[in-house]
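Data first, discussion second: the structure below is written as structure tokens.
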Amino acid sequence: MQSQPRPSGRTRMRVITNSFAVTRVPTVVLFQYDVISPTLKPDNPRRRSEIIDKMQLTNANIFPRRGMYDGKNIFYTIGYKVENMTIPVQLNKSDKTPYIVRLTNTTYIDSNTLNDMVSSNGRAYRQGGDQNQAAINALQLIVRQAANMRHGFPLQAKSFFTKDGAKELGGGLQAWRGYFQSVRPVLGRLLVNVDVTHSAVVKAGPLLDVAMEFCNFRDIRDLAALPTDPNPQRWLKLQRFLKGVLIKPGSQFAKWSKGRPIRALIPNAGGYEFHVNGQPTTVRQYFQQKYNFALRYSTVFGIQIGKDAVFPAEVCTITPGQLYKKKLSEDQTKSFVSLAVQKPHQRLGSIESAVSGDRQLLDYQQSDFLATAGMVISTRPLEVEGHVLTPPQVLFGGRQASPINNGAWNVMGRQFLTPKKIDKLMVLVCVDPSERQAVEYFTKALVGNLTKLGSYAGGAPYFHIANLQNMRKTLEEVHKMQPGFVLVILPASAAIPRRYIKFWSSVISGIPTQCRKGKYDSGKGLDQYCNNVALKMHAKYGGINSVVYAPIMDKLMGTMIIGCDVSHPAPGVNNRPSFASMVASVDRFASYWTSAIELQKPRQEIIEAIGPMFQTLLNAFVAFPENQGRCPHTVIVYRDGVSEGEYETVAAAEYDQIKRVLQSKEITRNTKVVFIIVTKRHHTRFFPERGAGDRSGNCPPGFVVEDQIVHSAIPDYYLLSHSGIIGTSRPSHYIVLRNDAQMTQQQLQELSFNLCHSYAAATRSVSIPTPVYYADLLCGHADYHFSPDEVANLDDDSSTNTSNQDFNLEQWQTVFKRGRSQKSLYFL
């Protein structure tokens, strides 16, 4: 393909980061111990912390200075060593038997360990993984412990939150702003990364008030009647909301120093019967007789604490600062986002205020732990210099290049590069018949846009009215008509019908579908909206919307680019599989893609079947006409979803499998592999000077940092490839773990940036390279290879599983593999 070359240039740009230099590393030796308490359950970190605190207070001769505890299994002393010992600890005088704590010295961290971590040869990373991890853990605790204790959060928590500026979310929840802290060893120094974070928090205060707000009740009698309500869902929702929430009864009823979790809700608490000294009584009678307290709302629910303690809700308060981990409602999510979004200068201001403001939220100037360790952290954020890459060209039909402005371009007046004309378009109408006119208006506009883009075969689309109560029959009717493409108009809430439709498309028929809901009328921006829908439809139908061109692309003839990802079931779910996906380019412009996906045990991060999956993609590459039966000379793998502690483990396992496939044949033994981890799960941010950023105040697309804050032992860089819309943009972090092809940093950066412009469903650059984006979408789409009935049956068969080891993977694989294998971008 011919194109006018663009100059490849880089513009320098200086920015502020949210990292703070450690100007003096710990000057004392830190000793690490394993903590074993056989008399205490391991799932009670609150009680463990109390025991370790009491152990130090009552044994000051052994612990002259307070040590650091991670709330689990690790304890550190600062500047002195304790011999291995067993220490009995009695929390209260009433305790019949003391708790037993065993301390076993395992290692130590000194200045040599810390210097090795940041040296250019990275000895601690390459030769001493355990020692490196121990050093990082110790430094994290030194930095975090004082602030976490001050604000009432777990000792090992990465973030703490404050109620200052809290925003009401409704339903008994608030949104709190907090601060994340992490120590990072980089080349030549240690940094502390500080970021603003947010969390939903259970509202503190009287339990009855929060319950009334959750249920949206104004009359307490409604709350009393809730357990017998004909609609049991509201009572069940309140039970789910309050289960595990920490409460404290009034001090006249219980002398608790800390809150305890609600185990269950008890209807009509005042009438709840139990025995005292062998005699039956009720909660109402007990509170009257023992505390001279008459319950005002005795018919309202009570709460069960522990095995058998029951307290009326009216005497209980919810303790402050409890993070809410469950799903928010749609309205709550909107309110939460409105607080969490901060423009770059606002975010930086919040961070600087927490570090060096009058209130000293992070305690860097006052922390006993920092002072005892001799560790000093700068209060000024680090400034670094980066570069802004030149964007590539996006070429449409007739080799027309669409101008790129701040990471975005327009398809108006363009035609698709390789149009494939959609024929026999059916519109499956799943909304109320009263909306038929609006649906027809939208369809007419969409067909007009498809025609202008060169991807419509002509002829009027035909409409089919769906029966939402019997989607199976509806889809059987659609199948008999054999449409070429099905546009589905869904109501606002239609999760089950959508699952049936996608299952039918992916497994039964192989006919591509495009589901739309909510926006199909003549509102403002309809033309642009229709163009965006057209992009997806055309890509799913097998056409090529556009290609990216830049000088680096000339070097990609014979290169296969792969995106890999693994998606896991929801936390706590052990009876559903994880999905592992691979998506690969087969042409020089990375516009044609093939894919492979496999199931594996829940929460397994390494792609177990990556060898066979890669072989499938390799076969597709060789078979693609452009390649004339030749294998790739270079394979570039972008791997998503890997945490820092798993870099080497994942790379070794997956890279080795790919290499074994290549070395199994003579024609591929010289193929080079580049293996790159891509992640957005980090807290590094860049803040340009006012007026130097884009319209949102962020760094412009293409901003890259390749030194100053990068890894001491592994080549890596940060790349901000997309334009900020609202809030502070998050750069992607690229970690180059294997580079057999010896590609330069500049080549890898430019390639990654260019690949962020080739996502078929958008007219703006995206935040991660397209193959990674596609692999992530493919994992999400894989769930549609199971019908709703099949998922229910498989869940029932696996319902007794309590761990990954019990999981019956073969059952799921058998159902999954009988599905149709799609090669087009159905998952868009």
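Ordered as shown in the structure tokens, chains take letters A, B, and onward, while each chain numbers its residues from 1 and ligands are numbered from 1 in the order shown.
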
>> What parts of stretch 631-720 of chain A does DSSP call alpha helix (DSSP H)? I'd like the answer as a PyMOL selection string.
In response: chain A and resi 647-663

Within 9 Å of A:Met537, counting only C-alpha atoms, which residues show up once you throw out same-chain ones fewer than 2 positions away? Write them as a PDB file with N, CA and C atoms, in the first residue's frame, please.
ATOM      1  N   ILE A 422     -23.160  -5.188   3.365  1.00  0.00           N
ATOM      2  CA  ILE A 422     -24.110  -5.929   4.189  1.00  0.00           C
ATOM      3  C   ILE A 422     -25.385  -6.168   3.404  1.00  0.00           C
ATOM      4  N   PHE A 485     -27.493 -10.123   8.286  1.00  0.00           N
ATOM      5  CA  PHE A 485     -27.074  -9.405   9.490  1.00  0.00           C
ATOM      6  C   PHE A 485     -28.334  -9.046  10.263  1.00  0.00           C
ATOM      7  N   LEU A 487     -29.822  -6.537  13.176  1.00  0.00           N
ATOM      8  CA  LEU A 487     -29.732  -5.387  14.067  1.00  0.00           C
ATOM      9  C   LEU A 487     -30.827  -5.553  15.120  1.00  0.00           C
ATOM     10  N   PRO A 512     -23.987 -12.600  12.190  1.00  0.00           N
ATOM     11  CA  PRO A 512     -23.583 -11.505  13.076  1.00  0.00           C
ATOM     12  C   PRO A 512     -24.769 -10.666  13.526  1.00  0.00           C
ATOM     13  N   THR A 513     -24.677 -10.161  14.741  1.00  0.00           N
ATOM     14  CA  THR A 513     -25.726  -9.312  15.308  1.00  0.00           C
ATOM     15  C   THR A 513     -25.116  -8.050  15.890  1.00  0.00           C
ATOM     16  N   GLN A 514     -25.927  -7.002  15.939  1.00  0.00           N
ATOM     17  CA  GLN A 514     -25.536  -5.764  16.607  1.00  0.00           C
ATOM     18  C   GLN A 514     -26.684  -5.338  17.501  1.00  0.00           C
ATOM     19  N   ASN A 532     -20.702   5.355  14.288  1.00  0.00           N
ATOM     20  CA  ASN A 532     -20.034   4.463  15.232  1.00  0.00           C
ATOM     21  C   ASN A 532     -20.630   3.058  15.187  1.00  0.00           C
ATOM     22  N   VAL A 533     -21.957   2.968  15.074  1.00  0.00           N
ATOM     23  CA  VAL A 533     -22.595   1.658  14.946  1.00  0.00           C
ATOM     24  C   VAL A 533     -22.160   0.989  13.645  1.00  0.00           C
ATOM     25  N   ALA A 534     -22.061   1.776  12.581  1.00  0.00           N
ATOM     26  CA  ALA A 534     -21.655   1.234  11.277  1.00  0.00           C
ATOM     27  C   ALA A 534     -20.254   0.640  11.333  1.00  0.00           C
ATOM     28  N   LEU A 535     -19.356   1.283  12.077  1.00  0.00           N
ATOM     29  CA  LEU A 535     -17.993   0.755  12.221  1.00  0.00           C
ATOM     30  C   LEU A 535     -18.023  -0.661  12.780  1.00  0.00           C
ATOM     31  N   ALA A 539     -17.140  -4.248  10.644  1.00  0.00           N
ATOM     32  CA  ALA A 539     -16.042  -5.107  11.113  1.00  0.00           C
ATOM     33  C   ALA A 539     -16.552  -6.510  11.416  1.00  0.00           C
ATOM     34  N   LYS A 540     -17.726  -6.621  12.038  1.00  0.00           N
ATOM     35  CA  LYS A 540     -18.291  -7.936  12.321  1.00  0.00           C
ATOM     36  C   LYS A 540     -18.629  -8.696  11.039  1.00  0.00           C
ATOM     37  N   TYR A 541     -18.983  -7.969  10.003  1.00  0.00           N
ATOM     38  CA  TYR A 541     -19.382  -8.594   8.744  1.00  0.00           C
ATOM     39  C   TYR A 541     -18.177  -9.048   7.921  1.00  0.00           C
ATOM     40  N   GLY A 542     -16.983  -8.643   8.370  1.00  0.00           N
ATOM     41  CA  GLY A 542     -15.769  -9.099   7.700  1.00  0.00           C
ATOM     42  C   GLY A 542     -15.072  -8.057   6.860  1.00  0.00           C
ATOM     43  N   GLY A 543     -15.563  -6.814   6.864  1.00  0.00           N
ATOM     44  CA  GLY A 543     -14.907  -5.755   6.107  1.00  0.00           C
ATOM     45  C   GLY A 543     -13.784  -5.107   6.892  1.00  0.00           C
ATOM     46  N   ALA A 761     -13.728  -0.308  16.101  1.00  0.00           N
ATOM     47  CA  ALA A 761     -15.015   0.231  16.530  1.00  0.00           C
ATOM     48  C   ALA A 761     -14.927   1.678  17.003  1.00  0.00           C
ATOM     49  N   LEU A 828     -16.939  -7.404  19.079  1.00  0.00           N
ATOM     50  CA  LEU A 828     -16.906  -5.945  19.168  1.00  0.00           C
ATOM     51  C   LEU A 828     -18.204  -5.407  19.762  1.00  0.00           C
TER      52      LEU A 828
END

>> Residues near stretch 266-271 of chain A, anyone? I mean within 7 Å using only C-alpha atoms, not counting same-chain ones fewer than 2 positions away, as number ranges by chain.
In response: A: 227, 264, 273, 282-284, 298-304, 312

Now that the selection is made, can you save its residues with N, CA, C and O atoms as a PDB file, in the first residue's frame?
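The new file out_33.pdb reads:
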ATOM      1  N   PRO A 227     -40.198  -7.928  57.068  1.00  0.00           N
ATOM      2  CA  PRO A 227     -40.010  -9.385  56.971  1.00  0.00           C
ATOM      3  C   PRO A 227     -41.248 -10.137  56.493  1.00  0.00           C
ATOM      4  O   PRO A 227     -41.135 -11.247  55.970  1.00  0.00           O
ATOM      5  N   ALA A 264     -26.588 -12.012  60.959  1.00  0.00           N
ATOM      6  CA  ALA A 264     -27.903 -12.203  60.356  1.00  0.00           C
ATOM      7  C   ALA A 264     -28.864 -11.178  60.936  1.00  0.00           C
ATOM      8  O   ALA A 264     -28.596 -10.561  61.979  1.00  0.00           O
ATOM      9  N   GLU A 273     -37.116 -15.083  71.496  1.00  0.00           N
ATOM     10  CA  GLU A 273     -37.011 -15.808  72.758  1.00  0.00           C
ATOM     11  C   GLU A 273     -35.664 -16.507  72.907  1.00  0.00           C
ATOM     12  O   GLU A 273     -35.108 -17.020  71.929  1.00  0.00           O
ATOM     13  N   THR A 282     -37.660 -12.936  76.598  1.00  0.00           N
ATOM     14  CA  THR A 282     -37.561 -12.307  75.279  1.00  0.00           C
ATOM     15  C   THR A 282     -36.538 -11.177  75.347  1.00  0.00           C
ATOM     16  O   THR A 282     -36.165 -10.709  76.443  1.00  0.00           O
ATOM     17  N   VAL A 283     -36.115 -10.729  74.187  1.00  0.00           N
ATOM     18  CA  VAL A 283     -35.166  -9.614  74.129  1.00  0.00           C
ATOM     19  C   VAL A 283     -35.779  -8.386  74.773  1.00  0.00           C
ATOM     20  O   VAL A 283     -35.102  -7.632  75.503  1.00  0.00           O
ATOM     21  N   ARG A 284     -37.067  -8.137  74.560  1.00  0.00           N
ATOM     22  CA  ARG A 284     -37.747  -6.986  75.157  1.00  0.00           C
ATOM     23  C   ARG A 284     -37.684  -7.056  76.685  1.00  0.00           C
ATOM     24  O   ARG A 284     -37.323  -6.074  77.357  1.00  0.00           O
ATOM     25  N   SER A 298     -39.843  -2.422  69.332  1.00  0.00           N
ATOM     26  CA  SER A 298     -39.550  -3.829  69.613  1.00  0.00           C
ATOM     27  C   SER A 298     -39.936  -4.765  68.474  1.00  0.00           C
ATOM     28  O   SER A 298     -39.439  -5.881  68.407  1.00  0.00           O
ATOM     29  N   THR A 299     -40.833  -4.320  67.569  1.00  0.00           N
ATOM     30  CA  THR A 299     -41.235  -5.195  66.455  1.00  0.00           C
ATOM     31  C   THR A 299     -40.298  -5.067  65.254  1.00  0.00           C
ATOM     32  O   THR A 299     -40.445  -5.794  64.269  1.00  0.00           O
ATOM     33  N   VAL A 300     -39.355  -4.123  65.301  1.00  0.00           N
ATOM     34  CA  VAL A 300     -38.373  -3.976  64.216  1.00  0.00           C
ATOM     35  C   VAL A 300     -37.311  -5.061  64.372  1.00  0.00           C
ATOM     36  O   VAL A 300     -37.120  -5.614  65.455  1.00  0.00           O
ATOM     37  N   PHE A 301     -36.618  -5.343  63.301  1.00  0.00           N
ATOM     38  CA  PHE A 301     -35.624  -6.417  63.302  1.00  0.00           C
ATOM     39  C   PHE A 301     -34.497  -6.161  64.307  1.00  0.00           C
ATOM     40  O   PHE A 301     -34.228  -5.023  64.706  1.00  0.00           O
ATOM     41  N   GLY A 302     -33.846  -7.234  64.680  1.00  0.00           N
ATOM     42  CA  GLY A 302     -32.628  -7.155  65.472  1.00  0.00           C
ATOM     43  C   GLY A 302     -31.481  -7.756  64.680  1.00  0.00           C
ATOM     44  O   GLY A 302     -31.652  -8.196  63.538  1.00  0.00           O
ATOM     45  N   ILE A 303     -30.309  -7.783  65.292  1.00  0.00           N
ATOM     46  CA  ILE A 303     -29.141  -8.335  64.598  1.00  0.00           C
ATOM     47  C   ILE A 303     -28.498  -9.417  65.447  1.00  0.00           C
ATOM     48  O   ILE A 303     -28.451  -9.322  66.668  1.00  0.00           O
ATOM     49  N   GLN A 304     -28.032 -10.442  64.776  1.00  0.00           N
ATOM     50  CA  GLN A 304     -27.316 -11.521  65.456  1.00  0.00           C
ATOM     51  C   GLN A 304     -25.826 -11.267  65.345  1.00  0.00           C
ATOM     52  O   GLN A 304     -25.302 -11.016  64.259  1.00  0.00           O
ATOM     53  N   PRO A 312     -31.372  -5.557  69.633  1.00  0.00           N
ATOM     54  CA  PRO A 312     -32.353  -4.793  68.845  1.00  0.00           C
ATOM     55  C   PRO A 312     -31.629  -3.761  67.982  1.00  0.00           C
ATOM     56  O   PRO A 312     -30.634  -3.159  68.411  1.00  0.00           O
TER      57      PRO A 312
END

> Contacts of A:Lys81 at 9 Å or less, counting only C-alpha atoms, minus same-chain residues fewer than 3 places along, as number ranges by chain?
Replying inline: A: 29-32, 77-78, 105

Selection above as a file: C-alpha atoms, as a PDB file, in the first residue's frame:
ATOM      1  CA  VAL A  29      18.470  -2.968  59.947  1.00  0.00           C
ATOM      2  CA  LEU A  30      14.908  -4.322  59.698  1.00  0.00           C
ATOM      3  CA  PHE A  31      14.373  -7.860  60.979  1.00  0.00           C
ATOM      4  CA  GLN A  32      11.505  -9.935  59.613  1.00  0.00           C
ATOM      5  CA  THR A  77      11.421  -5.018  64.364  1.00  0.00           C
ATOM      6  CA  ILE A  78      13.261  -1.791  63.556  1.00  0.00           C
ATOM      7  CA  ASN A 105      13.238 -14.805  62.481  1.00  0.00           C
TER       8      ASN A 105
END

>> If we count only C-alpha atoms and set the cut-off at 9 Å, which residues sit around stretch 256-262 of chain A, ignoring sequence neighbours fewer than 4 positions away in its own chain? Please answer as number ranges by chain.
In response: A: 46, 242-249, 251, 303-306, 318-319

Residues from last step as file, N, CA and C atoms, as a compact mmCIF listing (two decimals), in the first residue's frame:
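See again-v3.txt below for the written result:
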# COMPACT_ATOMS: atom_id res chain seq x y z
N ARG A 46 -8.41 -8.27 62.75
CA ARG A 46 -8.63 -7.29 63.82
C ARG A 46 -8.12 -7.83 65.16
N LEU A 242 -26.70 -5.50 54.89
CA LEU A 242 -26.19 -5.35 56.24
C LEU A 242 -25.31 -6.50 56.71
N LYS A 243 -25.36 -7.64 56.03
CA LYS A 243 -24.56 -8.77 56.49
C LYS A 243 -23.07 -8.43 56.44
N GLY A 244 -22.40 -8.64 57.57
CA GLY A 244 -20.96 -8.36 57.65
C GLY A 244 -20.63 -6.95 58.07
N VAL A 245 -21.62 -6.05 58.12
CA VAL A 245 -21.37 -4.67 58.53
C VAL A 245 -21.04 -4.65 60.03
N LEU A 246 -20.05 -3.87 60.42
CA LEU A 246 -19.62 -3.79 61.82
C LEU A 246 -20.51 -2.83 62.59
N ILE A 247 -20.98 -3.27 63.75
CA ILE A 247 -21.83 -2.42 64.59
C ILE A 247 -21.32 -2.44 66.03
N LYS A 248 -21.76 -1.44 66.79
CA LYS A 248 -21.50 -1.42 68.23
C LYS A 248 -22.80 -1.05 68.93
N PRO A 249 -23.22 -1.84 69.94
CA PRO A 249 -24.35 -1.41 70.76
C PRO A 249 -23.93 -0.23 71.63
N SER A 251 -22.89 1.93 74.82
CA SER A 251 -21.91 1.51 75.82
C SER A 251 -22.55 0.94 77.08
N ILE A 303 -30.31 -7.78 65.29
CA ILE A 303 -29.14 -8.34 64.60
C ILE A 303 -28.50 -9.42 65.45
N GLN A 304 -28.03 -10.44 64.78
CA GLN A 304 -27.32 -11.52 65.46
C GLN A 304 -25.83 -11.27 65.34
N ILE A 305 -25.13 -11.34 66.47
CA ILE A 305 -23.67 -11.19 66.53
C ILE A 305 -23.09 -12.50 67.05
N GLY A 306 -22.11 -13.03 66.35
CA GLY A 306 -21.54 -14.30 66.76
C GLY A 306 -22.55 -15.42 66.62
N ILE A 318 -23.69 1.90 63.43
CA ILE A 318 -22.72 1.39 62.47
C ILE A 318 -21.41 2.15 62.65
N THR A 319 -20.31 1.42 62.78
CA THR A 319 -19.01 2.07 62.99
C THR A 319 -18.54 2.73 61.70

Go through stretch 687-771 of chain A residue by residue and, counting only C-alpha atoms, keep those with an atom at most 9 Å from stretch 12-28 of chain A; for each kept residue give the shortest atom pair and its distance in Å to one decimal, ordered by chain and increasing number, as a tab-separated table.
residue	atom	partner	partner_atom	distance
A:Phe687	CA	A:Ile16	CA	5.0
A:Pro688	CA	A:Val15	CA	4.7
A:Glu689	CA	A:Val15	CA	6.7
A:Ala692	CA	A:Met13	CA	8.6
A:Cys699	CA	A:Val15	CA	8.4
A:Phe703	CA	A:Met13	CA	8.1
A:Ile709	CA	A:Ser19	CA	8.5

>> Which residues are close to A:Lys203, i.e. within 6 Å by only C-alpha atoms, leaving aside same-chain residues fewer than 5 positions away? Reply as a VMD selection string.
In response: chain A and resid 172 to 174

Write the selection just made, keeping N, CA, C and O atoms, as a short mmCIF file (atom, residue, chain, number, x, y, z; two decimals), in the first residue's frame?
data_model
loop_
_atom_site.label_atom_id
_atom_site.label_comp_id
_atom_site.auth_asym_id
_atom_site.auth_seq_id
_atom_site.Cartn_x
_atom_site.Cartn_y
_atom_site.Cartn_z
N GLY A 172 -28.02 4.36 52.01
CA GLY A 172 -27.15 4.04 53.14
C GLY A 172 -25.67 4.06 52.84
O GLY A 172 -24.87 3.54 53.62
N LEU A 173 -25.29 4.68 51.73
CA LEU A 173 -23.88 4.72 51.34
C LEU A 173 -23.40 6.15 51.13
O LEU A 173 -24.18 7.04 50.80
N GLN A 174 -22.10 6.32 51.31
CA GLN A 174 -21.43 7.57 50.98
C GLN A 174 -20.21 7.26 50.13
O GLN A 174 -19.70 6.14 50.14
#

> With only C-alpha atoms as the atoms that count, which of A:Ile768, A:Ala609, A:Cys515, A:Ile62 lies nearest to A:Ser721?
Replying inline: A:Ile768

>> Residues near A:Ile726, anyone? I mean within 7 Å using only C-alpha atoms, not counting same-chain ones fewer than 3 positions away, as a list of chain:residue names.
In response: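 In the requested form, the answer reads A:Val341, A:Lys343, A:Ser696.
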
Could you write out that same residue set with all heavy atoms as a tab-separated table (two decimals), in the first residue's frame?
chain	number	residue	atom	x	y	z
A	341	VAL	N	-14.11	11.70	39.63
A	341	VAL	CA	-13.48	12.37	38.50
A	341	VAL	C	-12.86	13.69	38.96
A	341	VAL	O	-13.55	14.57	39.49
A	341	VAL	CB	-14.51	12.63	37.38
A	341	VAL	CG1	-13.92	13.53	36.31
A	341	VAL	CG2	-14.96	11.31	36.76
A	343	LYS	N	-10.04	16.72	37.52
A	343	LYS	CA	-9.14	17.20	36.48
A	343	LYS	C	-7.70	17.09	36.98
A	343	LYS	O	-7.46	17.09	38.19
A	343	LYS	CB	-9.49	18.63	36.11
A	343	LYS	CG	-10.84	18.76	35.40
A	343	LYS	CD	-11.11	20.20	34.98
A	343	LYS	CE	-12.43	20.29	34.23
A	343	LYS	NZ	-12.72	21.67	33.80
A	696	SER	N	-8.52	18.75	28.02
A	696	SER	CA	-8.93	18.30	29.35
A	696	SER	C	-7.88	18.57	30.41
A	696	SER	O	-8.08	18.25	31.58
A	696	SER	CB	-9.24	16.79	29.30
A	696	SER	OG	-8.07	16.06	29.02

> If you run DSSP on this backbone, which residues of stretch 416-617 of chain A come out as strand (DSSP E), and could you give them as JSON, numbers by chain?
Replying inline: {"A": [425, 426, 427, 428, 429, 462, 463, 464, 465, 485, 486, 487, 488, 489, 490, 513, 514, 515, 516, 517, 547, 548, 549, 559, 560, 561, 562, 563, 564, 565, 566, 567, 578, 579, 580, 581, 582, 583, 584, 585, 593, 594, 595, 596, 597, 598, 599, 600]}

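Picture a line from atom CA of A:Tyr76 to atom CA of A:Thr162; it runs 27.3 Å.
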
> Taking into account only C-alpha atoms, which residue in the set A:Leu223, A:Arg764, A:Ile597, A:Val650 is nearest to A:Asn405?
Replying inline: A:Arg764

>> For a quick check of understanding, using only C-alpha atoms, which of A:Lys659, A:Lys473, A:Arg818, A:His733 has the smallest distance to A:Gln749?
In response: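 Ranked by minimum distance to A:Gln749, first place goes to A:His733.
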
> Looking at only C-alpha atoms, which of A:Asn84, A:Ser434, A:Ser353, A:Thr763 is the one that sits closest to A:Lys536?
Replying inline: A:Thr763

Mind dumping a table of every stretch 48-133 of chain A residue within 9 Å of stretch 144-159 of chain A, with the nearest atom pair and its distance in Å to one decimal, using only C-alpha atoms, sorted by chain and rising number, as a Markdown table?
| residue | atom | partner | partner_atom | distance |
| --- | --- | --- | --- | --- |
| A:Ser49 | CA | A:Leu155 | CA | 8.2 |
| A:Met68 | CA | A:Gln145 | CA | 7.5 |
| A:Tyr69 | CA | A:Leu155 | CA | 6.9 |
| A:Asp70 | CA | A:Gln156 | CA | 5.0 |
| A:Gly71 | CA | A:Leu155 | CA | 5.8 |
| A:Lys72 | CA | A:Gln156 | CA | 8.4 |

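As for atom CA of A:Lys255 and atom CA of A:Asn92, they are spaced 12.2 Å apart.
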
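Candidate residues A:Pro769, A:Gly645, A:Pro577, A:Gly349 were compared for distance to A:Val678, and the nearest is A:Pro769, using only C-alpha atoms.
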
>> Nearest residue to A:Thr317 out of A:Glu352, A:Asp368, A:Asp707, A:Asp209, using only C-alpha atoms?
In response: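 Answer, going by the shortest atom-to-atom distance: A:Asp209.
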